[in-house]
Amino acid sequence: MLKIMVTAPGRVNLIGEHTDYNQGLVMPMAIELAMKIEAVPRQDRRITASALPLNRQAAFDLEELAPVSGRPRWIDYIKGVCWALREAGYPVPGADLKIRSSIPIGSGLSSSAALEVGVAVALNALSGTELPLLETALLCQKAENQYVGVRCGIMDQMAVALGREGHALLIDCRSLEYSHIPFSPEGCRLLIVDSRVQRSLGASEYNRRREECEEALEQLAKITGRSFPSLREVKPEDLREAEGRLPELLFRRSRYVVEENRRVEDSARALRAGDYAAFGELMKGSHLGLRDLYQVSCAELDLIVETALAVPGVLGARMTGAGFGGCAIVLAKSSVLEEVQARIREAFQREGWREPLFYSTGAGAGVTVQRIQA
Ligand code: ADP
Ligand code: MG
């Protein structure tokens, strides 16, 4: 009997925050934490799934798939993938799925995209469908947007599907062009620090930022007499022209986005040249922009970054993800990782905050599939 084993990693964004919905540049990488999905074919039209980390089982009929209206459950991500594959005209076979994972759930490391991409790749391997990974990522994004009902960009699914060991993935969210950028700093690791803060504020502020960016575009058009399809097309000189006339808040928001796109370009250049010190500086700039101009950081993330940067051997640090909680990343010499963790723990203790969680990683591989004939 045919058995499929898929490994789908989580991801973290190295730089390029809040640029995705502004048609800009992002640079995530796959991490070493991953989900493993075992799939065997069934003769009927059912999918059964057991999620070992959650100790849950569920099953459904492939002929009865309808987008979720209420709160999504874990099985809805799998249903969504089946639905999106079928909508796109690909065959979806019955299967038994077994899921194991070392990716923390709901921490911003994209366990959801790992699940979607992993299931899509497993089902395609069972049915013999050869779907390019970019298209797989797009179908998974559609599953999450339209079936599960969660608004997300394309970064997560692309990073999981197209990540490459020892490389970051530079993505142009306007054209969906991507390229692999070397990321293997010698003697260094990337420390992911989960603040364990989840502010309900997050979702409403996220939507507010999106509206502010749209508003800034309209005003910029009025002021300059030219139209900009997105903030991606706005140049620093356009902003200078509008300074003083664009409301201060909108000016700050647009300035951050314009500068962050620039920092991603500069990062790609620095990493290609193996200049990790320069990349570290760009991480710091990104954090300051997110804190002061875009205003999506919070006290916990600021403290992680500030504490880490005070340790010699730390090259850079920044919050990552949408903000108001979630994770920060620290690029540091492996020899100081313990110290960085200890200092962050102490700093949190002093504030009386819950202890953060730590994961250290290099740039991991994207999704892989193994076929076993038993
Ligand atoms: P994340 O930042 O981890 O992607 P999300 O809220 O986007 O957080 O997605 C988390 C959801 O993905 C979980 O609530 C669950 O429905 C699903 N999920 C993630 N990992 C697993 C797993 N190992 N087994 C089953 N479902 C999972
Ligand atoms: Mg997710």
# chains A, B, ... in the order shown; residues from 1 in each chain; ligands from 1
call {"tool": "residues_around", "arguments": {"residues": "Met1 (chain A)", "least_positions_apart": "4", "cutoff": "9 Å", "atoms": "only C-alpha atoms", "output": "VMD selection string"}}
result
chain A and resid 40 to 41 372 to 374
call {"tool": "residues_near_ligand", "arguments": {"ligand": "ligand 2", "cutoff": "6 Å", "atoms": "only C-alpha atoms and all ligand atoms", "output": "ChimeraX atom specification"}}
result
/A:110-113
call {"tool": "write_last_selection", "arguments": {"atoms": "N, CA, C and O atoms", "output": "short mmCIF file (atom, residue, chain, number, x, y, z; two decimals), in the first residue's frame"}}
result
data_model
loop_
_atom_site.label_atom_id
_atom_site.label_comp_id
_atom_site.auth_asym_id
_atom_site.auth_seq_id
_atom_site.Cartn_x
_atom_site.Cartn_y
_atom_site.Cartn_z
N SER A 110 2.81 30.20 12.15
CA SER A 110 2.11 29.65 10.99
C SER A 110 1.88 28.15 11.02
O SER A 110 2.08 27.46 10.02
N SER A 111 1.42 27.65 12.16
CA SER A 111 1.00 26.25 12.19
C SER A 111 -0.15 26.06 11.20
O SER A 111 -0.29 24.99 10.61
N SER A 112 -0.96 27.09 10.99
CA SER A 112 -2.11 26.95 10.08
C SER A 112 -1.65 26.75 8.64
O SER A 112 -2.16 25.88 7.94
N ALA A 113 -0.65 27.52 8.21
CA ALA A 113 -0.17 27.36 6.83
C ALA A 113 0.55 26.02 6.66
O ALA A 113 0.45 25.37 5.62
#
call {"tool": "atom_distance", "arguments": {"atom1": "CA of Arg164 (chain A)", "atom2": "CA of Gly118 (chain A)"}}
result
15.5 Å
call {"tool": "closest_residue", "arguments": {"among": "A:Leu134, A:Cys213, A:Leu282, A:Cys140", "to": "Tyr294 (chain A)", "atoms": "only C-alpha atoms"}}
result
A:Cys213
call {"tool": "closest_residue", "arguments": {"among": "A:Gly128, A:Leu14, A:Arg100, A:Pro9", "to": "ligand 1", "atoms": "only C-alpha atoms and all ligand atoms"}}
result
A:Arg100
call {"tool": "residues_around", "arguments": {"residues": "Ala365 (chain A)", "least_positions_apart": "3", "cutoff": "12 Å", "atoms": "only C-alpha atoms", "output": "ChimeraX atom specification"}}
result
/A:7-11,29-34,159-169,180,183,361-362,368-369
call {"tool": "residues_around", "arguments": {"residues": "Ser69 (chain A)", "least_positions_apart": "6", "cutoff": "12 Å", "atoms": "only C-alpha atoms", "output": "CSV table (one decimal) with N, CA and C atoms, in the first residue's frame"}}
result
chain,number,residue,atom,x,y,z
A,76,ASP,N,-11.5,22.3,9.9
A,76,ASP,CA,-12.0,23.2,8.8
A,76,ASP,C,-10.8,23.6,7.9
A,145,ASN,N,-8.6,32.0,3.4
A,145,ASN,CA,-9.4,33.2,3.3
A,145,ASN,C,-10.9,32.9,3.1
A,146,GLN,N,-11.2,32.0,2.2
A,146,GLN,CA,-12.6,31.8,1.8
A,146,GLN,C,-13.3,30.7,2.4
A,147,TYR,N,-12.6,29.6,2.8
A,147,TYR,CA,-13.3,28.5,3.5
A,147,TYR,C,-13.3,28.7,5.0
A,148,VAL,N,-12.1,28.8,5.6
A,148,VAL,CA,-11.9,29.0,7.0
A,148,VAL,C,-12.4,30.3,7.5
A,149,GLY,N,-12.2,31.3,6.6
A,149,GLY,CA,-12.7,32.7,6.9
A,149,GLY,C,-11.7,33.5,7.7
A,150,VAL,N,-10.4,33.3,7.5
A,150,VAL,CA,-9.4,34.1,8.1
A,150,VAL,C,-8.7,34.9,7.0
call {"tool": "closest_atom_pairs", "arguments": {"of": "chain A", "to": "ligand 1", "cutoff": "9 Å", "atoms": "only C-alpha atoms and all ligand atoms", "output": "CSV"}}
result
residue,atom,partner,partner_atom_place_in_ligand_line,distance
A:Gly10,CA,ligand 1,3 (O),8.1
A:Met35,CA,ligand 1,23 (N),6.7
A:Lys36,CA,ligand 1,23 (N),8.6
A:Ala49,CA,ligand 1,25 (C),8.9
A:Ser50,CA,ligand 1,24 (N),7.9
A:Ala51,CA,ligand 1,24 (N),4.5
A:Leu52,CA,ligand 1,24 (N),6.8
A:Pro53,CA,ligand 1,23 (N),5.6
A:Leu54,CA,ligand 1,24 (N),6.0
A:Asn55,CA,ligand 1,24 (N),8.5
A:Arg56,CA,ligand 1,25 (C),7.9
A:Pro72,CA,ligand 1,16 (O),7.1
A:Arg73,CA,ligand 1,16 (O),5.2
A:Trp74,CA,ligand 1,16 (O),3.1
A:Ile75,CA,ligand 1,16 (O),6.7
A:Asp76,CA,ligand 1,16 (O),7.4
A:Tyr77,CA,ligand 1,16 (O),6.7
A:Ile78,CA,ligand 1,26 (N),8.7
A:Ile99,CA,ligand 1,24 (N),6.1
A:Arg100,CA,ligand 1,23 (N),5.7
A:Ser101,CA,ligand 1,23 (N),4.9
A:Ser102,CA,ligand 1,23 (N),7.6
A:Ile103,CA,ligand 1,20 (N),6.9
A:Pro104,CA,ligand 1,3 (O),6.2
A:Ile105,CA,ligand 1,3 (O),4.1
A:Gly106,CA,ligand 1,8 (O),3.2
A:Ser107,CA,ligand 1,2 (O),4.6
A:Gly108,CA,ligand 1,2 (O),3.2
A:Leu109,CA,ligand 1,2 (O),4.8
A:Ser110,CA,ligand 1,4 (O),3.2
A:Ser111,CA,ligand 1,3 (O),3.8
A:Ser112,CA,ligand 1,12 (O),3.9
A:Ala113,CA,ligand 1,4 (O),6.1
A:Ala114,CA,ligand 1,20 (N),7.5
A:Leu115,CA,ligand 1,19 (C),6.2
A:Glu116,CA,ligand 1,12 (O),8.6
A:Glu144,CA,ligand 1,7 (O),8.8
A:Val150,CA,ligand 1,7 (O),7.9
A:Cys152,CA,ligand 1,7 (O),8.7
A:Asp156,CA,ligand 1,4 (O),8.3
A:Gly326,CA,ligand 1,2 (O),8.6
call {"tool": "write_last_selection", "arguments": {"atoms": "N, CA and C atoms", "output": "CSV table (one decimal), in the first residue's frame"}}
result
chain,number,residue,atom,x,y,z
A,10,GLY,N,7.1,25.4,10.0
A,10,GLY,CA,6.5,26.7,10.3
A,10,GLY,C,7.3,27.8,9.6
A,35,MET,N,5.6,20.3,11.0
A,35,MET,CA,4.5,19.4,11.1
A,35,MET,C,4.7,18.2,10.2
A,36,LYS,N,4.4,17.0,10.7
A,36,LYS,CA,4.5,15.8,9.9
A,36,LYS,C,3.1,15.2,9.7
A,49,ALA,N,-9.0,12.3,10.0
A,49,ALA,CA,-7.8,12.9,10.4
A,49,ALA,C,-7.7,12.8,11.9
A,50,SER,N,-6.5,12.5,12.4
A,50,SER,CA,-6.2,12.6,13.8
A,50,SER,C,-5.1,13.5,14.0
A,51,ALA,N,-5.3,14.5,14.9
A,51,ALA,CA,-4.3,15.5,15.3
A,51,ALA,C,-3.7,15.1,16.6
A,52,LEU,N,-2.5,14.4,16.6
A,52,LEU,CA,-2.0,13.9,17.8
A,52,LEU,C,-1.7,14.9,18.8
A,53,PRO,N,-1.1,16.1,18.4
A,53,PRO,CA,-0.8,17.1,19.5
A,53,PRO,C,-2.0,17.6,20.2
A,54,LEU,N,-3.2,17.6,19.5
A,54,LEU,CA,-4.4,18.1,20.2
A,54,LEU,C,-5.2,16.9,20.7
A,55,ASN,N,-4.8,15.7,20.4
A,55,ASN,CA,-5.5,14.5,20.8
A,55,ASN,C,-7.0,14.5,20.3
A,56,ARG,N,-7.1,14.9,19.1
A,56,ARG,CA,-8.5,15.0,18.5
A,56,ARG,C,-8.6,14.1,17.2
A,72,PRO,N,-14.0,28.8,13.2
A,72,PRO,CA,-13.4,27.6,12.6
A,72,PRO,C,-12.8,26.6,13.6
A,73,ARG,N,-12.9,25.3,13.3
A,73,ARG,CA,-12.3,24.3,14.0
A,73,ARG,C,-11.1,23.8,13.2
A,74,TRP,N,-10.2,23.0,13.9
A,74,TRP,CA,-9.0,22.6,13.2
A,74,TRP,C,-9.3,21.8,11.9
A,75,ILE,N,-10.3,21.0,11.9
A,75,ILE,CA,-10.6,20.2,10.8
A,75,ILE,C,-11.1,21.0,9.6
A,76,ASP,N,-11.5,22.3,9.9
A,76,ASP,CA,-12.0,23.2,8.8
A,76,ASP,C,-10.8,23.6,7.9
A,77,TYR,N,-9.6,23.6,8.4
A,77,TYR,CA,-8.4,23.9,7.6
A,77,TYR,C,-8.2,22.8,6.6
A,78,ILE,N,-8.4,21.6,7.0
A,78,ILE,CA,-8.3,20.4,6.1
A,78,ILE,C,-9.4,20.4,5.1
A,99,ILE,N,-1.5,13.5,12.0
A,99,ILE,CA,-0.8,14.8,12.1
A,99,ILE,C,0.0,14.9,13.4
A,100,ARG,N,1.3,15.1,13.3
A,100,ARG,CA,2.1,15.4,14.5
A,100,ARG,C,2.7,16.7,14.2
A,101,SER,N,3.1,17.5,15.3
A,101,SER,CA,3.7,18.8,15.0
A,101,SER,C,4.5,19.3,16.2
A,102,SER,N,5.6,20.0,15.9
A,102,SER,CA,6.3,20.6,16.9
A,102,SER,C,6.2,22.2,16.8
A,103,ILE,N,5.3,22.6,15.9
A,103,ILE,CA,5.1,24.1,15.8
A,103,ILE,C,4.0,24.5,16.8
A,104,PRO,N,4.4,25.5,17.6
A,104,PRO,CA,3.4,25.9,18.6
A,104,PRO,C,2.2,26.5,17.9
A,105,ILE,N,1.0,26.2,18.4
A,105,ILE,CA,-0.2,26.6,17.8
A,105,ILE,C,-0.7,28.0,18.2
A,106,GLY,N,-0.9,28.9,17.2
A,106,GLY,CA,-1.5,30.2,17.5
A,106,GLY,C,-0.4,31.2,18.0
A,107,SER,N,0.9,30.9,17.8
A,107,SER,CA,1.9,31.8,18.3
A,107,SER,C,2.4,32.7,17.2
A,108,GLY,N,1.9,32.6,16.0
A,108,GLY,CA,2.4,33.4,14.9
A,108,GLY,C,3.5,32.7,14.1
A,109,LEU,N,3.7,31.4,14.3
A,109,LEU,CA,4.7,30.7,13.5
A,109,LEU,C,4.1,29.9,12.4
A,110,SER,N,2.8,30.2,12.2
A,110,SER,CA,2.1,29.6,11.0
A,110,SER,C,1.9,28.1,11.0
A,111,SER,N,1.4,27.7,12.2
A,111,SER,CA,1.0,26.3,12.2
A,111,SER,C,-0.2,26.1,11.2
A,112,SER,N,-1.0,27.1,11.0
A,112,SER,CA,-2.1,27.0,10.1
A,112,SER,C,-1.6,26.8,8.6
A,113,ALA,N,-0.7,27.5,8.2
A,113,ALA,CA,-0.2,27.4,6.8
A,113,ALA,C,0.6,26.0,6.7
A,114,ALA,N,1.3,25.6,7.7
A,114,ALA,CA,1.9,24.3,7.6
A,114,ALA,C,0.9,23.2,7.5
A,115,LEU,N,-0.2,23.3,8.2
A,115,LEU,CA,-1.3,22.3,8.1
A,115,LEU,C,-1.9,22.3,6.7
A,116,GLU,N,-2.2,23.5,6.2
A,116,GLU,CA,-2.8,23.6,4.8
A,116,GLU,C,-1.9,23.1,3.7
A,144,GLU,N,-7.8,29.3,3.4
A,144,GLU,CA,-7.8,30.0,4.7
A,144,GLU,C,-8.7,31.3,4.6
A,150,VAL,N,-10.4,33.3,7.5
A,150,VAL,CA,-9.4,34.1,8.1
A,150,VAL,C,-8.7,34.9,7.0
A,152,CYS,N,-5.7,36.5,5.4
A,152,CYS,CA,-4.3,36.4,5.5
A,152,CYS,C,-3.7,36.7,4.2
A,156,ASP,N,2.7,33.4,4.4
A,156,ASP,CA,2.8,32.2,5.2
A,156,ASP,C,2.9,31.0,4.3
A,326,GLY,N,2.5,38.4,20.3
A,326,GLY,CA,3.2,37.5,19.4
A,326,GLY,C,4.6,37.4,19.6
call {"tool": "select_by_dssp", "arguments": {"residues": "region 72-190 of chain A", "states": "strand (DSSP E)", "output": "VMD selection string"}}
result
chain A and resid 95 to 101 167 to 172 178 to 182 188 to 190
call {"tool": "write_last_selection", "arguments": {"atoms": "N, CA, C and O atoms", "output": "short mmCIF file (atom, residue, chain, number, x, y, z; two decimals), in the first residue's frame"}}
result
data_model
loop_
_atom_site.label_atom_id
_atom_site.label_comp_id
_atom_site.auth_asym_id
_atom_site.auth_seq_id
_atom_site.Cartn_x
_atom_site.Cartn_y
_atom_site.Cartn_z
N ALA A 95 -8.84 9.73 2.15
CA ALA A 95 -7.55 9.45 2.80
C ALA A 95 -7.68 9.44 4.31
O ALA A 95 -8.59 10.05 4.87
N ASP A 96 -6.76 8.72 4.95
CA ASP A 96 -6.62 8.79 6.40
C ASP A 96 -5.36 9.61 6.69
O ASP A 96 -4.28 9.28 6.19
N LEU A 97 -5.50 10.65 7.49
CA LEU A 97 -4.37 11.55 7.78
C LEU A 97 -4.01 11.48 9.27
O LEU A 97 -4.88 11.48 10.13
N LYS A 98 -2.70 11.44 9.52
CA LYS A 98 -2.22 11.47 10.91
C LYS A 98 -1.27 12.64 11.04
O LYS A 98 -0.31 12.74 10.28
N ILE A 99 -1.55 13.54 11.97
CA ILE A 99 -0.78 14.79 12.07
C ILE A 99 -0.01 14.86 13.40
O ILE A 99 -0.59 14.67 14.47
N ARG A 100 1.27 15.10 13.27
CA ARG A 100 2.12 15.39 14.45
C ARG A 100 2.74 16.73 14.20
O ARG A 100 2.96 17.09 13.04
N SER A 101 3.11 17.46 15.25
CA SER A 101 3.69 18.78 14.99
C SER A 101 4.50 19.29 16.16
O SER A 101 4.15 19.06 17.32
N HIS A 167 18.30 29.37 3.55
CA HIS A 167 17.88 30.53 2.74
C HIS A 167 16.63 31.19 3.31
O HIS A 167 15.77 30.52 3.87
N ALA A 168 16.55 32.48 3.11
CA ALA A 168 15.30 33.20 3.35
C ALA A 168 14.59 33.31 2.00
O ALA A 168 15.18 33.02 0.96
N LEU A 169 13.31 33.67 2.03
CA LEU A 169 12.54 33.77 0.80
C LEU A 169 12.10 35.23 0.62
O LEU A 169 11.29 35.73 1.40
N LEU A 170 12.65 35.88 -0.39
CA LEU A 170 12.25 37.25 -0.69
C LEU A 170 11.02 37.18 -1.60
O LEU A 170 11.07 36.56 -2.67
N ILE A 171 9.93 37.79 -1.15
CA ILE A 171 8.69 37.74 -1.94
C ILE A 171 8.23 39.15 -2.30
O ILE A 171 8.17 40.03 -1.43
N ASP A 172 7.93 39.33 -3.56
CA ASP A 172 7.32 40.57 -4.02
C ASP A 172 5.81 40.33 -4.02
O ASP A 172 5.29 39.58 -4.85
N TYR A 178 9.48 35.56 -6.51
CA TYR A 178 10.22 35.27 -5.29
C TYR A 178 11.63 34.82 -5.63
O TYR A 178 11.89 34.36 -6.74
N SER A 179 12.53 34.97 -4.66
CA SER A 179 13.87 34.42 -4.85
C SER A 179 14.44 33.99 -3.50
O SER A 179 14.03 34.49 -2.45
N HIS A 180 15.35 33.04 -3.56
CA HIS A 180 15.97 32.52 -2.34
C HIS A 180 17.23 33.31 -2.03
O HIS A 180 18.09 33.46 -2.89
N ILE A 181 17.29 33.82 -0.81
CA ILE A 181 18.43 34.66 -0.39
C ILE A 181 19.20 33.88 0.68
O ILE A 181 18.60 33.43 1.65
N PRO A 182 20.52 33.71 0.50
CA PRO A 182 21.28 32.95 1.48
C PRO A 182 21.07 33.49 2.90
O PRO A 182 21.13 34.70 3.10
N CYS A 188 25.88 31.64 14.22
CA CYS A 188 24.72 32.37 14.74
C CYS A 188 23.46 31.54 14.64
O CYS A 188 23.36 30.64 13.80
N ARG A 189 22.49 31.89 15.46
CA ARG A 189 21.16 31.29 15.37
C ARG A 189 20.12 32.41 15.45
O ARG A 189 20.42 33.51 15.92
N LEU A 190 18.94 32.09 15.00
CA LEU A 190 17.84 33.03 15.17
C LEU A 190 17.03 32.55 16.37
O LEU A 190 16.57 31.40 16.41
#
call {"tool": "atom_distance", "arguments": {"atom1": "CA of Ala59 (chain A)", "atom2": "CA of Leu131 (chain A)"}}
result
25.0 Å
call {"tool": "closest_residue", "arguments": {"among": "A:Arg354, A:His18, A:Arg252, A:Lys3", "to": "Glu205 (chain A)", "atoms": "only C-alpha atoms"}}
result
A:His18
call {"tool": "residues_around", "arguments": {"residues": "Ala203 (chain A)", "least_positions_apart": "4", "cutoff": "12 Å", "atoms": "only C-alpha atoms", "output": "ChimeraX atom specification"}}
result
/A:150-152,198-199,207-210,296,322-325
